[in-house]
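protein13.pdb (PDB, C-alpha atoms) appears below.
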```pdb
ATOM      1  CA  MET O   2       0.000   0.000   0.000
ATOM      2  CA  GLN O   3       2.863   2.378   0.847
ATOM      3  CA  ILE O   4       4.453   1.818  -2.585
ATOM      4  CA  LYS O   5       1.177   2.542  -4.390
ATOM      5  CA  LYS O   6       0.722   5.764  -2.376
ATOM      6  CA  LYS O   7       4.217   6.947  -3.294
ATOM      7  CA  GLN O   8       3.639   6.093  -6.955
ATOM      8  CA  GLN O   9       0.371   8.031  -6.979
ATOM      9  CA  ASP O  10       2.100  10.989  -5.309
ATOM     10  CA  VAL O  11       4.757  11.153  -8.053
ATOM     11  CA  LEU O  12       2.264  10.579 -10.888
ATOM     12  CA  GLY O  13      -0.136  13.165  -9.467
ATOM     13  CA  PHE O  14       2.619  15.788  -9.313
ATOM     14  CA  LEU O  15       3.769  15.074 -12.869
ATOM     15  CA  GLU O  16       0.218  15.211 -14.213
ATOM     16  CA  ALA O  17      -0.674  18.388 -12.287
ATOM     17  CA  ASN O  18       2.419  20.119 -13.650
ATOM     18  CA  LYS O  19       1.918  18.775 -17.181
ATOM     19  CA  ILE O  20       5.278  17.014 -17.161
ATOM     20  CA  GLY O  21       5.284  14.219 -19.727
ATOM     21  CA  PHE O  22       6.148  10.763 -18.453
ATOM     22  CA  GLU O  23       5.910   7.087 -19.246
ATOM     23  CA  GLU O  24       4.897   4.761 -16.448
ATOM     24  CA  LYS O  25       6.591   1.345 -16.471
ATOM     25  CA  ASP O  26       4.765  -1.503 -14.748
ATOM     26  CA  ILE O  27       7.367  -3.726 -13.087
ATOM     27  CA  ALA O  28       4.815  -5.975 -11.372
ATOM     28  CA  ALA O  29       3.330  -7.338 -14.588
ATOM     29  CA  ASN O  30       6.332  -6.972 -16.902
ATOM     30  CA  GLU O  31       9.522  -8.914 -16.184
ATOM     31  CA  GLU O  32      11.460  -6.952 -18.829
ATOM     32  CA  ASN O  33      10.638  -3.629 -17.113
ATOM     33  CA  ARG O  34      11.557  -5.070 -13.699
ATOM     34  CA  LYS O  35      14.901  -6.338 -15.002
ATOM     35  CA  TRP O  36      15.638  -2.990 -16.705
ATOM     36  CA  MET O  37      14.917  -1.040 -13.500
ATOM     37  CA  ARG O  38      17.093  -3.318 -11.380
ATOM     38  CA  GLU O  39      19.979  -3.056 -13.831
ATOM     39  CA  ASN O  40      19.756   0.737 -14.200
ATOM     40  CA  VAL O  41      19.519   1.844 -10.564
ATOM     41  CA  PRO O  42      23.153   2.687  -9.674
ATOM     42  CA  GLU O  43      24.927   0.538  -7.093
ATOM     43  CA  ASN O  44      25.212   3.425  -4.615
ATOM     44  CA  SER O  45      21.428   3.954  -4.758
ATOM     45  CA  ARG O  46      20.437   0.358  -4.091
ATOM     46  CA  PRO O  47      19.343  -0.933  -0.688
ATOM     47  CA  ALA O  48      21.860  -2.947   1.318
ATOM     48  CA  THR O  49      19.710  -6.042   0.842
ATOM     49  CA  GLY O  50      17.149  -6.931  -1.791
ATOM     50  CA  TYR O  51      16.100  -4.903  -4.791
ATOM     51  CA  PRO O  52      15.208  -1.212  -5.120
ATOM     52  CA  LEU O  53      11.490  -0.651  -4.653
ATOM     53  CA  PRO O  54       9.307   1.554  -6.836
ATOM     54  CA  PRO O  55       8.918   4.288  -7.561
ATOM     55  CA  GLN O  56      12.345   4.763  -9.128
ATOM     56  CA  ILE O  57      12.554   7.834 -11.337
ATOM     57  CA  PHE O  58      14.435   8.093 -14.631
ATOM     58  CA  ASN O  59      14.718  10.712 -17.352
ATOM     59  CA  GLU O  60      14.967   8.446 -20.403
ATOM     60  CA  SER O  61      17.692   6.031 -19.250
ATOM     61  CA  GLN O  62      19.311   8.441 -16.763
ATOM     62  CA  TYR O  63      18.583   7.547 -13.151
ATOM     63  CA  ARG O  64      17.257  10.557 -11.209
ATOM     64  CA  GLY O  65      16.417   9.027  -7.820
ATOM     65  CA  ASP O  66      13.837   7.299  -5.666
ATOM     66  CA  TYR O  67      10.712   8.589  -3.968
ATOM     67  CA  ASP O  68      12.615  10.087  -1.013
ATOM     68  CA  ALA O  69      14.849  12.101  -3.382
ATOM     69  CA  PHE O  70      11.771  13.213  -5.345
ATOM     70  CA  PHE O  71       9.970  14.239  -2.154
ATOM     71  CA  GLU O  72      12.986  16.229  -0.941
ATOM     72  CA  ALA O  73      13.264  17.984  -4.315
ATOM     73  CA  ARG O  74       9.555  18.811  -4.216
ATOM     74  CA  GLU O  75       9.842  20.233  -0.701
ATOM     75  CA  ASN O  76      12.751  22.403  -1.879
ATOM     76  CA  ASN O  77      10.995  23.578  -5.078
ATOM     77  CA  ALA O  78      13.657  21.784  -7.124
ATOM     78  CA  VAL O  79      11.718  19.015  -8.895
ATOM     79  CA  TYR O  80      12.559  20.197 -12.407
ATOM     80  CA  ALA O  81      16.279  20.184 -11.593
ATOM     81  CA  PHE O  82      15.854  16.756  -9.957
ATOM     82  CA  LEU O  83      14.195  15.476 -13.145
ATOM     83  CA  GLY O  84      16.890  17.037 -15.342
ATOM     84  CA  LEU O  85      14.402  19.494 -16.871
ATOM     85  CA  THR O  86      14.283  23.270 -17.217
ATOM     86  CA  ALA O  87      11.769  24.860 -14.857
ATOM     87  CA  PRO O  88       9.029  26.724 -16.734
ATOM     88  CA  PRO O  89       9.079  30.536 -16.518
ATOM     89  CA  GLY O  90       7.005  31.827 -13.622
ATOM     90  CA  SER O  91       7.278  28.625 -11.584
ATOM     91  CA  LYS O  92       8.507  28.799  -7.982
ATOM     92  CA  GLU O  93      11.565  26.827  -9.009
ATOM     93  CA  ALA O  94      12.421  29.190 -11.897
ATOM     94  CA  GLU O  95      12.017  32.192  -9.584
ATOM     95  CA  ALA O  96      14.249  30.593  -6.949
ATOM     96  CA  GLN O  97      16.916  29.847  -9.586
ATOM     97  CA  ALA O  98      16.761  33.448 -10.846
ATOM     98  CA  LYS O  99      17.287  34.761  -7.308
ATOM     99  CA  GLN O 100      20.285  32.465  -6.805
ATOM    100  CA  GLN O 101      21.875  33.639 -10.052
ATOM    101  CA  ALA O 102      21.306  37.340  -9.285
TER     102      ALA O 102
END
```
How does the structure come out when it is put into structure tokens?
Amino acid sequence: MQIKKKQQDVLGFLEANKIGFEEKDIAANEENRKWMRENVPENSRPATGYPLPPQIFNESQYRGDYDAFFEARENNAVYAFLGLTAPPGSKEAEAQAKQQA
């Protein structure tokens, strides 16, 4: 149940902010599960077992897990976390402009 809640949290944010994404079902698709396990970097894997969803990628580049996403969201840095440019007028774009000034 906790995994599903985290997945819905990420998907809801992406949808609300009109950020395009492709959801990969690892429960029903062995190929997707294998790909995720192989592409989560060693230093981001749990000490035992496999990484649990949601794991977030931009194309094939690993961006982080739910905790990293949540921290980025709390810090208005989700676009940077995702490897995207924040849209003009967003809180994140405004924060970046202030830092560069």
Can you measure CA of Ala78 in chain O to CA of Ala94 in chain O for me? One decimal in Å is fine.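 It comes out at 8.9 Å.
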When distances are computed from all atoms listed in the file, which of O:Gln100, O:Arg38, O:Asn59, O:Gly50 shows the smallest separation from Tyr80 in chain O?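 Ranking O:Gln100, O:Arg38, O:Asn59, O:Gly50 by distance to Tyr80 in chain O, first place goes to O:Asn59.
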Reference answer for the PyMOL selection byres ((chain O and resi 85) around 12), as a PyMOL selection string: chain O and resi 20-21+58-60+64+78-84+86-88+93-94
What does the distance between CA of Val41 in chain O and CA of Tyr63 in chain O come to in Å, to one decimal place?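 Result for CA of Val41 in chain O versus CA of Tyr63 in chain O: 6.3 Å, one decimal.
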Taking all atoms listed in the file into account, which of O:Glu43, O:Glu16, O:Glu23, O:Asp10 comes nearest Asp68 in chain O?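 Using all atoms listed in the file, the shortest distance to Asp68 in chain O belongs to O:Asp10.
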Pick the closest to Asn18 in chain O from O:Glu75, O:Ser91, O:Ala96, O:Asn30: which is it, counting all atoms listed in the file? O:Ser91
Atom completion result for range 57-70 of chain O (N, CA, C and O atoms) as a PDB file, in the coordinates of the input:
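What follows is the written file result-v6.pdb:
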```pdb
ATOM      1  N   ILE O  57      12.830   6.810 -10.340  1.00  0.00           N
ATOM      2  CA  ILE O  57      12.554   7.834 -11.337  1.00  0.00           C
ATOM      3  C   ILE O  57      13.749   7.990 -12.275  1.00  0.00           C
ATOM      4  O   ILE O  57      14.890   8.131 -11.829  1.00  0.00           O
ATOM      5  N   PHE O  58      13.438   7.961 -13.572  1.00  0.00           N
ATOM      6  CA  PHE O  58      14.435   8.093 -14.631  1.00  0.00           C
ATOM      7  C   PHE O  58      14.005   9.194 -15.582  1.00  0.00           C
ATOM      8  O   PHE O  58      12.818   9.446 -15.753  1.00  0.00           O
ATOM      9  N   ASN O  59      14.972   9.826 -16.223  1.00  0.00           N
ATOM     10  CA  ASN O  59      14.718  10.712 -17.352  1.00  0.00           C
ATOM     11  C   ASN O  59      15.353   9.982 -18.526  1.00  0.00           C
ATOM     12  O   ASN O  59      16.575   9.945 -18.641  1.00  0.00           O
ATOM     13  N   GLU O  60      14.508   9.385 -19.368  1.00  0.00           N
ATOM     14  CA  GLU O  60      14.967   8.446 -20.403  1.00  0.00           C
ATOM     15  C   GLU O  60      15.690   7.318 -19.665  1.00  0.00           C
ATOM     16  O   GLU O  60      15.119   6.687 -18.811  1.00  0.00           O
ATOM     17  N   SER O  61      16.980   7.105 -19.945  1.00  0.00           N
ATOM     18  CA  SER O  61      17.692   6.031 -19.250  1.00  0.00           C
ATOM     19  C   SER O  61      18.554   6.549 -18.104  1.00  0.00           C
ATOM     20  O   SER O  61      19.249   5.778 -17.450  1.00  0.00           O
ATOM     21  N   GLN O  62      18.499   7.863 -17.839  1.00  0.00           N
ATOM     22  CA  GLN O  62      19.311   8.441 -16.763  1.00  0.00           C
ATOM     23  C   GLN O  62      18.565   8.354 -15.436  1.00  0.00           C
ATOM     24  O   GLN O  62      17.474   8.901 -15.292  1.00  0.00           O
ATOM     25  N   TYR O  63      19.186   7.687 -14.476  1.00  0.00           N
ATOM     26  CA  TYR O  63      18.583   7.547 -13.151  1.00  0.00           C
ATOM     27  C   TYR O  63      18.565   8.892 -12.444  1.00  0.00           C
ATOM     28  O   TYR O  63      19.576   9.596 -12.385  1.00  0.00           O
ATOM     29  N   ARG O  64      17.395   9.273 -11.909  1.00  0.00           N
ATOM     30  CA  ARG O  64      17.257  10.557 -11.209  1.00  0.00           C
ATOM     31  C   ARG O  64      17.105  10.381  -9.702  1.00  0.00           C
ATOM     32  O   ARG O  64      17.437  11.277  -8.938  1.00  0.00           O
ATOM     33  N   GLY O  65      16.541   9.249  -9.255  1.00  0.00           N
ATOM     34  CA  GLY O  65      16.417   9.027  -7.820  1.00  0.00           C
ATOM     35  C   GLY O  65      15.172   8.238  -7.465  1.00  0.00           C
ATOM     36  O   GLY O  65      14.392   7.836  -8.324  1.00  0.00           O
ATOM     37  N   ASP O  66      14.991   8.039  -6.164  1.00  0.00           N
ATOM     38  CA  ASP O  66      13.837   7.299  -5.666  1.00  0.00           C
ATOM     39  C   ASP O  66      12.795   8.274  -5.119  1.00  0.00           C
ATOM     40  O   ASP O  66      12.921   9.489  -5.272  1.00  0.00           O
ATOM     41  N   TYR O  67      11.781   7.742  -4.472  1.00  0.00           N
ATOM     42  CA  TYR O  67      10.712   8.589  -3.968  1.00  0.00           C
ATOM     43  C   TYR O  67      11.233   9.602  -2.942  1.00  0.00           C
ATOM     44  O   TYR O  67      10.828  10.767  -2.964  1.00  0.00           O
ATOM     45  N   ASP O  68      12.110   9.174  -2.044  1.00  0.00           N
ATOM     46  CA  ASP O  68      12.615  10.087  -1.013  1.00  0.00           C
ATOM     47  C   ASP O  68      13.351  11.273  -1.643  1.00  0.00           C
ATOM     48  O   ASP O  68      13.199  12.414  -1.207  1.00  0.00           O
ATOM     49  N   ALA O  69      14.137  11.013  -2.687  1.00  0.00           N
ATOM     50  CA  ALA O  69      14.849  12.101  -3.382  1.00  0.00           C
ATOM     51  C   ALA O  69      13.849  13.013  -4.090  1.00  0.00           C
ATOM     52  O   ALA O  69      14.005  14.238  -4.074  1.00  0.00           O
ATOM     53  N   PHE O  70      12.816  12.424  -4.686  1.00  0.00           N
ATOM     54  CA  PHE O  70      11.771  13.213  -5.345  1.00  0.00           C
ATOM     55  C   PHE O  70      11.060  14.094  -4.322  1.00  0.00           C
ATOM     56  O   PHE O  70      10.860  15.282  -4.545  1.00  0.00           O
TER      57      PHE O  70
END
```
